[in-house]
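Participant: File work-v8.cif follows (mmCIF, C-alpha atoms):
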data_my_file
loop_
_atom_site.label_atom_id
_atom_site.label_comp_id
_atom_site.auth_asym_id
_atom_site.auth_seq_id
_atom_site.Cartn_x
_atom_site.Cartn_y
_atom_site.Cartn_z
CA MET A 1 72.57 46.80 207.91
CA HIS A 2 68.84 46.80 208.62
CA GLU A 3 66.71 45.96 211.63
CA TYR A 4 64.10 43.33 210.81
CA ASN A 5 61.00 42.22 212.72
CA TYR A 6 60.79 45.21 215.04
CA ILE A 7 57.39 46.13 216.46
CA PHE A 8 56.42 49.75 217.06
CA PHE A 9 53.73 49.95 219.74
CA PHE A 10 51.40 52.86 218.99
CA ASP A 11 48.59 51.43 221.06
CA GLN A 12 47.18 54.32 223.10
CA GLU A 13 46.28 57.16 220.74
CA PRO A 14 44.40 57.03 217.43
CA ILE A 15 46.46 57.65 214.31
CA HIS A 16 46.23 61.13 212.76
CA SER A 17 48.43 61.27 209.68
CA GLY A 18 48.85 65.04 209.86
CA ILE A 19 50.12 64.81 213.42
CA HIS A 20 51.96 61.50 213.53
CA THR A 21 53.70 61.18 210.16
CA ALA A 22 56.88 62.71 211.59
CA THR A 23 56.84 60.10 214.35
CA PHE A 24 56.45 57.24 211.89
CA ASN A 25 59.22 58.66 209.69
CA GLU A 26 61.50 58.78 212.74
CA VAL A 27 60.70 55.15 213.60
CA ALA A 28 61.56 54.11 210.05
CA THR A 29 64.79 56.14 210.09
CA ARG A 30 65.90 54.82 213.48
CA ASN A 31 65.38 51.27 212.27
CA LEU A 32 67.34 52.07 209.11
CA ASP A 33 64.63 50.99 206.69
CA ILE A 34 65.35 54.01 204.55
CA LEU A 35 65.04 52.14 201.26
CA GLY A 36 61.24 52.41 201.28
CA PRO A 37 58.52 49.82 202.02
CA LEU A 38 59.81 46.27 202.14
CA PRO A 39 57.79 43.11 202.86
CA ASN A 40 57.80 41.92 206.50
CA PHE A 41 60.24 44.65 207.43
CA GLY A 42 58.63 45.81 210.64
CA SER A 43 55.28 45.93 212.41
CA ILE A 44 53.02 48.39 214.16
CA CYS A 45 50.68 47.49 217.02
CA THR A 46 47.68 49.78 217.48
CA SER A 47 44.38 49.99 219.32
CA GLU A 48 42.49 50.75 216.07
CA ARG A 49 40.54 47.96 214.38
CA ASP A 50 39.30 47.95 210.78
CA SER A 51 41.15 51.21 210.24
CA ASP A 52 41.89 52.99 206.97
CA ASN A 53 44.49 55.01 208.89
CA VAL A 54 46.37 51.89 209.96
CA ASN A 55 46.16 50.45 206.44
CA ALA A 56 47.60 53.65 204.97
CA VAL A 57 50.53 53.65 207.40
CA CYS A 58 51.27 49.99 206.70
CA ASP A 59 51.13 50.58 202.94
CA ARG A 60 53.51 53.49 203.23
CA TYR A 61 56.13 51.86 205.46
CA GLY A 62 55.71 48.21 204.55
CA TRP A 63 54.66 47.36 208.10
CA LYS A 64 52.46 44.52 209.25
CA SER A 65 49.72 45.58 211.65
CA TYR A 66 48.72 44.02 214.97
CA TYR A 67 45.82 45.01 217.18
CA TYR A 68 44.59 44.59 220.73
CA PHE A 69 42.11 46.62 222.78
CA PHE A 70 44.53 48.62 224.92
CA HIS A 71 41.84 50.88 226.36
CA GLY A 72 39.83 47.90 227.54
CA TRP A 73 42.79 46.83 229.68
CA ALA A 74 43.32 50.42 230.83
CA ALA A 75 39.70 50.77 231.95
CA LEU A 76 39.80 47.47 233.86
CA ASP A 77 42.90 48.73 235.66
CA TRP A 78 41.79 52.30 236.30
CA TYR A 79 38.24 51.52 237.44
CA ARG A 80 38.94 48.39 239.46
CA GLY A 81 37.51 48.32 242.96
CA TYR A 82 34.80 50.93 242.49
CA ASP A 83 32.22 48.14 242.55
CA LYS A 84 33.23 47.52 246.18
CA THR A 85 32.68 51.12 247.32
CA PHE A 86 29.71 53.23 248.40
CA LEU A 87 30.52 55.89 245.77
CA ILE A 88 28.28 54.50 243.03
CA LYS A 89 24.60 54.77 243.93
CA PRO A 90 22.74 51.44 243.52
CA ILE A 91 20.65 51.50 240.36
CA ASN A 92 17.52 50.47 242.28
CA ASN A 93 17.76 53.68 244.33
CA ARG A 94 18.05 56.09 241.42
CA ALA A 95 15.43 58.54 240.23
CA PRO A 96 17.03 60.51 237.36
CA THR A 97 15.78 64.06 236.87
CA LYS A 98 18.16 64.95 234.03
CA THR A 99 18.42 63.39 230.59
CA PHE A 100 22.20 63.14 230.35
CA ILE A 101 25.58 63.96 231.79
CA ALA A 102 28.15 65.27 229.30
CA PRO A 103 31.64 66.15 230.57
CA ASN A 104 33.78 68.11 228.11
CA ARG A 105 37.43 69.03 228.45
CA ILE A 106 39.52 68.95 225.24
CA ILE A 107 37.32 70.70 222.68
CA ALA A 108 39.87 71.94 220.12
CA GLY A 109 42.35 70.32 217.75
CA ALA A 110 41.07 67.01 216.38
CA ARG A 111 37.94 67.07 218.58
CA LYS A 112 35.56 69.10 216.43
CA HIS A 113 32.79 66.54 217.02
CA ARG A 114 32.69 67.71 220.65
CA LEU A 115 32.13 71.28 219.49
CA GLU A 116 29.39 70.06 217.16
CA MET A 117 27.71 68.16 219.98
CA LEU A 118 27.90 71.18 222.30
CA TYR A 119 26.52 73.38 219.54
CA TYR A 120 23.42 71.19 219.29
CA ILE A 121 23.10 70.98 223.07
CA PHE A 122 23.01 74.76 223.38
CA LYS A 123 20.98 75.43 220.22
CA LEU A 124 18.30 72.88 221.13
CA GLY A 125 18.02 74.14 224.68
CA LEU A 126 19.52 71.05 226.32
CA GLY A 127 21.84 73.02 228.59
CA ASP A 128 19.81 72.26 231.71
CA ASN A 129 21.44 68.84 231.89
CA HIS A 130 24.67 67.98 233.68
CA ILE A 131 27.27 69.35 231.25
CA SER A 132 30.65 71.03 231.43
CA CYS A 133 32.22 73.22 228.78
CA PRO A 134 35.46 75.22 228.92
CA ALA A 135 35.81 78.74 227.55
CA VAL A 136 39.38 77.95 226.57
CA CYS A 137 40.60 74.47 225.62
CA PRO A 138 42.92 73.45 228.48
CA VAL A 139 45.22 71.50 226.16
CA GLU A 140 45.26 73.49 222.91
CA ASN A 141 44.98 76.82 224.81
CA ILE A 142 42.57 78.22 222.24
CA SER A 143 39.33 80.06 222.88
CA ILE A 144 36.21 78.09 222.06
CA LEU A 145 35.05 80.98 219.85
CA ASP A 146 38.23 80.58 217.78
CA ALA A 147 38.10 76.78 217.87
CA VAL A 148 34.72 76.77 216.09
CA ASN A 149 36.02 78.73 213.07
CA PRO A 150 36.53 75.59 210.91
CA LEU A 151 32.84 74.75 211.48
CA LEU A 152 31.41 78.12 210.34
CA GLU A 153 30.58 76.93 206.83
CA GLN A 154 28.56 74.01 208.18
CA TYR A 155 27.04 75.92 211.13
CA PRO A 156 26.95 79.66 210.26
CA ASP A 157 25.53 80.62 213.67
CA ILE A 158 27.90 78.53 215.78
CA GLN A 159 29.88 81.47 217.15
CA GLN A 160 26.69 83.27 218.19
CA VAL A 161 25.38 80.13 219.88
CA PHE A 162 28.56 79.72 221.95
CA ALA A 163 28.87 83.46 222.62
CA ALA A 164 25.41 83.41 224.16
CA GLN A 165 26.52 80.93 226.83
CA GLN A 166 28.01 81.85 230.18
CA LEU A 167 31.29 80.00 229.73
CA PRO A 168 33.04 78.22 231.28
CA ILE A 169 30.48 75.77 232.61
CA ASN A 170 31.88 73.68 235.45
CA PHE A 171 30.49 70.85 237.51
CA ALA A 172 29.98 71.53 241.22
CA ASN A 173 33.27 71.69 243.18
CA GLU A 174 35.30 71.74 239.94
CA THR A 175 37.34 74.45 238.25
CA ASP A 176 39.50 74.50 235.12
CA HIS A 177 38.07 71.20 233.79
CA PRO A 178 40.52 68.73 235.38
CA MET A 179 41.59 65.51 233.68
CA HIS A 180 39.54 62.54 234.95
CA SER A 181 40.58 59.78 232.54
CA CYS A 182 42.06 57.36 235.05
CA TRP A 183 39.38 57.47 237.74
CA LEU A 184 35.62 57.66 238.14
CA SER A 185 33.98 60.83 239.40
CA LEU A 186 30.80 62.94 239.21
CA PHE A 187 28.89 60.27 241.09
CA GLU A 188 25.98 62.51 242.09
CA GLU A 189 25.54 63.92 238.59
CA ALA A 190 25.73 60.44 237.08
CA ALA A 191 23.11 59.04 239.46
CA ASP A 192 20.80 61.95 238.59
CA SER A 193 21.05 61.32 234.82
CA LEU A 194 19.19 58.92 232.57
CA LEU A 195 22.26 58.35 230.39
CA TYR A 196 25.91 59.24 229.92
CA LEU A 197 26.77 61.09 226.69
CA VAL A 198 30.21 59.77 225.73
CA THR A 199 32.08 62.03 223.31
CA GLU A 200 34.89 59.74 222.24
CA THR A 201 38.39 60.72 221.12
CA VAL A 202 37.61 60.12 217.44
CA ALA A 203 34.28 60.25 215.62
CA THR A 204 35.13 60.24 211.90
CA GLY A 205 36.67 57.90 209.36
CA ARG A 206 36.55 54.15 208.86
CA ARG A 207 38.03 52.80 212.08
CA HIS A 208 37.02 51.47 215.46
CA HIS A 209 38.72 53.19 218.37
CA LEU A 210 37.03 53.39 221.76
CA THR A 211 38.78 54.56 224.91
CA GLU A 212 38.24 54.46 228.66
CA LYS A 213 35.53 57.11 228.16
CA THR A 214 33.12 54.46 226.91
CA PHE A 215 33.65 52.35 230.03
CA LYS A 216 32.88 55.15 232.49
CA PRO A 217 29.07 54.78 232.18
CA ILE A 218 29.41 51.00 232.31
CA ALA A 219 31.43 51.22 235.53
CA LEU A 220 29.02 53.85 236.89
CA GLY A 221 26.01 51.65 236.16
CA MET A 222 24.45 53.82 233.44
CA PRO A 223 22.97 53.67 229.96
CA PHE A 224 24.99 55.53 227.34
CA VAL A 225 25.01 57.17 223.93
CA ILE A 226 28.37 57.22 222.13
CA VAL A 227 29.54 60.02 219.86
CA GLY A 228 32.14 57.96 218.03
CA THR A 229 32.94 56.51 214.64
CA LYS A 230 30.39 54.62 212.59
CA GLY A 231 29.77 51.19 214.10
CA SER A 232 31.10 52.02 217.58
CA LEU A 233 28.16 50.35 219.32
CA ALA A 234 28.53 47.22 217.18
CA TYR A 235 32.25 47.20 217.97
CA LEU A 236 31.49 47.41 221.70
CA ARG A 237 28.94 44.60 221.42
CA SER A 238 31.60 42.39 219.82
CA TYR A 239 33.29 42.39 223.25
CA GLY A 240 30.21 41.04 224.99
CA PHE A 241 28.53 44.26 226.08
CA LYS A 242 24.92 45.18 225.35
CA THR A 243 23.58 48.51 224.14
CA PHE A 244 20.14 50.11 224.31
CA ASP A 245 18.54 49.66 220.89
CA SER A 246 15.50 48.04 222.51
CA ILE A 247 14.87 51.24 224.49
CA TRP A 248 15.71 54.09 222.12
CA ASP A 249 16.82 54.59 218.53
CA GLU A 250 20.47 53.60 218.02
CA SER A 251 20.41 53.98 214.24
CA TYR A 252 22.89 56.85 214.68
CA ASP A 253 25.55 54.14 214.97
CA ASP A 254 25.03 53.30 211.29
CA ALA A 255 24.86 56.92 210.11
CA GLU A 256 27.56 58.55 208.01
CA ASP A 257 30.00 61.00 209.55
CA ASP A 258 28.23 64.12 208.29
CA VAL A 259 24.90 63.33 209.99
CA ARG A 260 25.77 61.17 213.01
CA VAL A 261 26.07 64.03 215.50
CA SER A 262 22.79 65.60 214.38
CA LYS A 263 21.01 62.24 214.75
CA ILE A 264 22.37 61.91 218.28
CA ALA A 265 21.24 65.46 219.03
CA SER A 266 17.74 64.61 217.78
CA LEU A 267 17.66 61.53 220.03
CA LEU A 268 18.71 63.56 223.08
CA HIS A 269 16.22 66.29 222.26
CA GLY A 270 13.40 63.77 222.14
CA LEU A 271 14.42 62.18 225.43
CA ASP A 272 14.81 65.58 227.06
CA ASN A 273 11.19 66.46 226.25
CA ILE A 274 9.64 63.52 228.09
CA PRO A 275 8.47 63.95 231.71
CA ALA A 276 10.53 62.84 234.69
CA GLU A 277 8.36 59.78 235.32
CA ALA A 278 8.95 58.63 231.74
CA LYS A 279 12.71 58.99 232.25
CA GLN A 280 12.35 56.79 235.32
CA ASP A 281 10.43 54.23 233.29
CA LEU A 282 13.16 54.13 230.64
CA PHE A 283 15.84 53.75 233.28
CA ASN A 284 13.91 50.89 234.88
CA ILE A 285 13.62 49.15 231.51
CA ALA A 286 17.37 49.62 231.00
CA LYS A 287 18.32 48.01 234.33
CA PRO A 288 18.87 44.44 232.99
CA ILE A 289 21.27 45.81 230.35
CA ILE A 290 23.03 48.00 232.91
CA GLU A 291 23.46 45.00 235.21
CA HIS A 292 24.73 42.79 232.39
CA ASN A 293 27.36 45.37 231.38
CA TRP A 294 28.39 45.96 235.01
CA ASN A 295 28.83 42.23 235.64
CA HIS A 296 30.61 41.69 232.33
CA PHE A 297 33.05 44.47 233.19
CA TYR A 298 33.63 43.72 236.87
CA ASN A 299 33.26 39.93 237.06
CA GLY A 300 35.78 38.75 234.51
CA GLY A 301 33.82 38.26 231.28
CA PHE A 302 35.35 41.23 229.48
CA GLU A 303 38.83 40.45 230.78
CA LYS A 304 38.58 36.88 229.45
CA ILE A 305 37.76 38.16 225.97
CA LEU A 306 40.63 40.65 226.11
CA TRP A 307 43.04 37.96 227.32
CA ASN A 308 42.07 35.60 224.49
CA GLU A 309 42.47 38.44 222.00
CA LEU A 310 45.91 39.29 223.38
CA GLN A 311 47.03 35.66 223.22
CA VAL A 312 45.96 35.41 219.58
CA MET A 313 47.93 38.56 218.78
CA LEU A 314 51.06 37.29 220.56
CA HIS A 315 50.77 33.95 218.75
CA ASP A 316 50.47 35.82 215.46
CA ILE A 317 53.57 37.86 216.29
CA ASP A 318 55.47 34.69 217.20
CA SER A 319 54.41 32.99 213.97
CA ASN A 320 55.58 35.94 211.87
CA SER A 321 58.87 36.61 213.65
#
Represent the structure contained in this file as structure tokens.

Facilitator:
Amino acid sequence: MHEYNYIFFFDQEPIHSGIHTATFNEVATRNLDILGPLPNFGSICTSERDSDNVNAVCDRYGWKSYYYFFHGWAALDWYRGYDKTFLIKPINNRAPTKTFIAPNRIIAGARKHRLEMLYYIFKLGLGDNHISCPAVCPVENISILDAVNPLLEQYPDIQQVFAAQQLPINFANETDHPMHSCWLSLFEEAADSLLYLVTETVATGRRHHLTEKTFKPIALGMPFVIVGTKGSLAYLRSYGFKTFDSIWDESYDDAEDDVRVSKIASLLHGLDNIPAEAKQDLFNIAKPIIEHNWNHFYNGGFEKILWNELQVMLHDIDSNS
């Protein structure tokens, strides 16, 4: 006896084969498809689009894949109502003195791109911006000096660079780098920054996977730079948002995995070296894009796209059941 047409929803986290293979094996075993991949046997629903990881899982287990933007729905839920509060400073009243805000919490495990980004921030002297950095990863419970070991071949001085910092670095009125995923915060630091440096959950491989992190600057009324996988900005634009290629160089979005972080670091370094009045000028130029993204997020445009996408997926599931 076999279970047919089941759907395994793995729609919140990105797929890491080294971590999640045991989970997928358990799903296959529990549904008794122990004879190996069979056509139309079961399905997996993820929040990864155009993903080699999803394709590999489907090839292995004979699953059909479905997709919808889970984190878009999550962000609309978590950040609803903030547009009606006094917490977010109106963009016309802002005079940014810093180049960027860069919160960092989980820096070990599968998040080596965050260590790379912090390495460049410290090495290039960008630490005077609004950043946070733990001394010990609060989830993996590993020292940052040990977490950088896999990066020593690529960055021989990375341990010295981190050792020279007074870690941990916390935002004002914060300790122990608390989890902020499901709400907005750091309103003063955000209003004082030209842009929000988003270090996404994944930043390598052929896949599109953005999370609520990308929507924080949009909901805070800010420009942004995304440390994510190749094509992340184009992926975001496909949902009706605008990015800032008319204001600064966004060619990092097309760069390969091995150079994308360094290109972002070069962009930030250049912006950090301009005077405060020039930062204000860039922010003023960015205002129409900021307003478009804010309105698209809070006034129903994004939700309509997500709803249409979800209906198409449900129709596809119904047609294949």

Participant: Rounded to one decimal in Å, what is the spacing between atom CA of Arg105 of chain A and atom CA of Gln280 of chain A?

Facilitator: 28.7 Å

Participant: Could you check the closest approach to Ala95 of chain A for each of A:Leu145, A:Val225, A:Ala108, A:Leu195 and tell me which residue wins, using all atoms listed in the file?

Facilitator: A:Leu195

Participant: Report the closest atom pair, with its distance in Å rounded to one decimal, for each residue of segment 163-258 of chain A that has an atom no farther than 8 Å from segment 281-290 of chain A; count all atoms listed in the file, sort by chain and then rising residue number, and write it as CSV.

Facilitator:
residue,atom,partner,partner_atom,distance
A:Leu194,CA,A:Phe283,CA,6.2
A:Ile218,CA,A:Ile290,CA,7.1
A:Gly221,CA,A:Ile290,CA,5.7
A:Met222,CA,A:Ile290,CA,6.0
A:Pro223,CA,A:Ile290,CA,6.4
A:Lys242,CA,A:Ile289,CA,6.2
A:Thr243,CA,A:Ile289,CA,7.2
A:Phe244,CA,A:Ala286,CA,7.3
A:Ile247,CA,A:Leu282,CA,7.0

Participant: Please report the interatomic distance between atom CA of Gln154 of chain A and atom CA of Ala255 of chain A in Å with one decimal.

Facilitator: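 Separation of atom CA of Gln154 of chain A and atom CA of Ala255 of chain A: 17.6 Å.
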
Participant: Could you check the closest approach to Phe122 of chain A for each of A:Ile169, A:Asn299, A:Gly205, A:Gly18 and tell me which residue wins, using all atoms listed in the file?

Facilitator: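 Nearest to Phe122 of chain A: A:Ile169.
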
Participant: Measure the distance from atom CA of Glu13 of chain A to atom CA of Ser65 of chain A in Å and round it to one decimal.

Facilitator: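 So the two atoms, atom CA of Glu13 of chain A and atom CA of Ser65 of chain A, lie 15.1 Å apart.
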
Participant: Within 10 Å of (32.0, 47.6, 223.7), all atoms listed in the file: residues as a ChimeraX atom specification?

Facilitator: /A:72,210-211,214-215,218,232-243,293,302

Participant: For the residues in that selection, give me C-alpha atoms as a JSON list (two decimals), in the frame of the given file.

Facilitator:
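Writing the result to part_15.json gives the following:
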[["chain", "number", "residue", "atom", "x", "y", "z"],
["A", 72, "GLY", "CA", 39.83, 47.90, 227.54],
["A", 210, "LEU", "CA", 37.03, 53.39, 221.76],
["A", 211, "THR", "CA", 38.78, 54.56, 224.91],
["A", 214, "THR", "CA", 33.12, 54.46, 226.91],
["A", 215, "PHE", "CA", 33.65, 52.35, 230.03],
["A", 218, "ILE", "CA", 29.41, 51.00, 232.31],
["A", 232, "SER", "CA", 31.10, 52.02, 217.58],
["A", 233, "LEU", "CA", 28.16, 50.35, 219.32],
["A", 234, "ALA", "CA", 28.53, 47.22, 217.18],
["A", 235, "TYR", "CA", 32.25, 47.20, 217.97],
["A", 236, "LEU", "CA", 31.49, 47.41, 221.70],
["A", 237, "ARG", "CA", 28.94, 44.60, 221.42],
["A", 238, "SER", "CA", 31.60, 42.39, 219.82],
["A", 239, "TYR", "CA", 33.29, 42.39, 223.25],
["A", 240, "GLY", "CA", 30.21, 41.04, 224.99],
["A", 241, "PHE", "CA", 28.53, 44.26, 226.08],
["A", 242, "LYS", "CA", 24.92, 45.18, 225.35],
["A", 243, "THR", "CA", 23.58, 48.51, 224.14],
["A", 293, "ASN", "CA", 27.36, 45.37, 231.38],
["A", 302, "PHE", "CA", 35.35, 41.23, 229.48]]

Participant: Could you list the residues chosen by the PyMOL selection byres ((chain A and resi 134) around 9) in this structure as a ChimeraX atom specification?

Facilitator: /A:104-107,132-133,135-138,143-144,167-170,176-177

Participant: Here is a test: counting all atoms listed in the file, which residue of A:Ala28, A:Ile226, A:Pro217, A:Val312 is nearest to Glu189 of chain A?

Facilitator: A:Pro217

Participant: Could you state which residues are captured by the PyMOL selection byres ((chain A and resi 70) around 9) in this file, as an mmCIF file with C-alpha atoms, keeping the file's coordinate frame?

Facilitator:
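Resulting contents of result-v6.cif:
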data_model
loop_
_atom_site.group_PDB
_atom_site.id
_atom_site.type_symbol
_atom_site.label_atom_id
_atom_site.label_comp_id
_atom_site.auth_asym_id
_atom_site.auth_seq_id
_atom_site.Cartn_x
_atom_site.Cartn_y
_atom_site.Cartn_z
ATOM 1 C CA ASP A 11 48.590 51.430 221.060
ATOM 2 C CA GLN A 12 47.180 54.320 223.100
ATOM 3 C CA THR A 46 47.680 49.780 217.480
ATOM 4 C CA SER A 47 44.380 49.990 219.320
ATOM 5 C CA TYR A 67 45.820 45.010 217.180
ATOM 6 C CA TYR A 68 44.590 44.590 220.730
ATOM 7 C CA PHE A 69 42.110 46.620 222.780
ATOM 8 C CA HIS A 71 41.840 50.880 226.360
ATOM 9 C CA GLY A 72 39.830 47.900 227.540
ATOM 10 C CA TRP A 73 42.790 46.830 229.680
ATOM 11 C CA ALA A 74 43.320 50.420 230.830
ATOM 12 C CA ALA A 75 39.700 50.770 231.950
ATOM 13 C CA THR A 211 38.780 54.560 224.910
ATOM 14 C CA LEU A 306 40.630 40.650 226.110
#

Participant: On this file, the PyMOL selection byres ((chain A and resi 254) around 6) gives some set of residues; write that set as a PDB file with C-alpha atoms, in the frame of the given file.

Facilitator:
ATOM      1  CA  LYS A 230      30.390  54.620 212.590  1.00  0.00           C
ATOM      2  CA  GLY A 231      29.770  51.190 214.100  1.00  0.00           C
ATOM      3  CA  SER A 251      20.410  53.980 214.240  1.00  0.00           C
ATOM      4  CA  TYR A 252      22.890  56.850 214.680  1.00  0.00           C
ATOM      5  CA  ASP A 253      25.550  54.140 214.970  1.00  0.00           C
ATOM      6  CA  ALA A 255      24.860  56.920 210.110  1.00  0.00           C
TER       7      ALA A 255
END

Participant: With distances taken over only C-alpha atoms, which residue among A:Gln159, A:Ser262, A:Thr199, A:Ser185 lies nearest Lys213 of chain A?

Facilitator: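 Closest to Lys213 of chain A of all the choices is A:Thr199.
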
Participant: With 8 Å as the threshold, what does the neighbourhood of (49.9, 60.4, 205.4) contain in terms of residues, counting only C-alpha atoms? Coordinates are those of the file; answer as a list in words.

Facilitator: Ser17, Gly18, Thr21, Ala56 and Val57 of chain A

Participant: Could you check which of A:Glu200, A:Asp52, A:Asp316, A:Glu212 is closest to Lys112 of chain A, using all atoms listed in the file?

Facilitator: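 Nearest candidate to Lys112 of chain A out of A:Glu200, A:Asp52, A:Asp316, A:Glu212: A:Glu200.
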
Participant: Looking at A:Asn295, A:Phe162, A:Asn320, A:Lys98, which one is nearest to Glu277 of chain A, with distances taken over only C-alpha atoms?

Facilitator: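 Nearest candidate to Glu277 of chain A out of A:Asn295, A:Phe162, A:Asn320, A:Lys98: A:Lys98.
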
Participant: Would you give the centre and edge lengths, in Å to one decimal, of a box along x, y and z around the listed atoms of segment 74-90 of chain A, with 3 Å added to each side, as AutoDock Vina command-line options?

Facilitator:
--center_x 33.0 --center_y 51.7 --center_z 239.6 --size_x 26.6 --size_y 14.4 --size_z 23.6
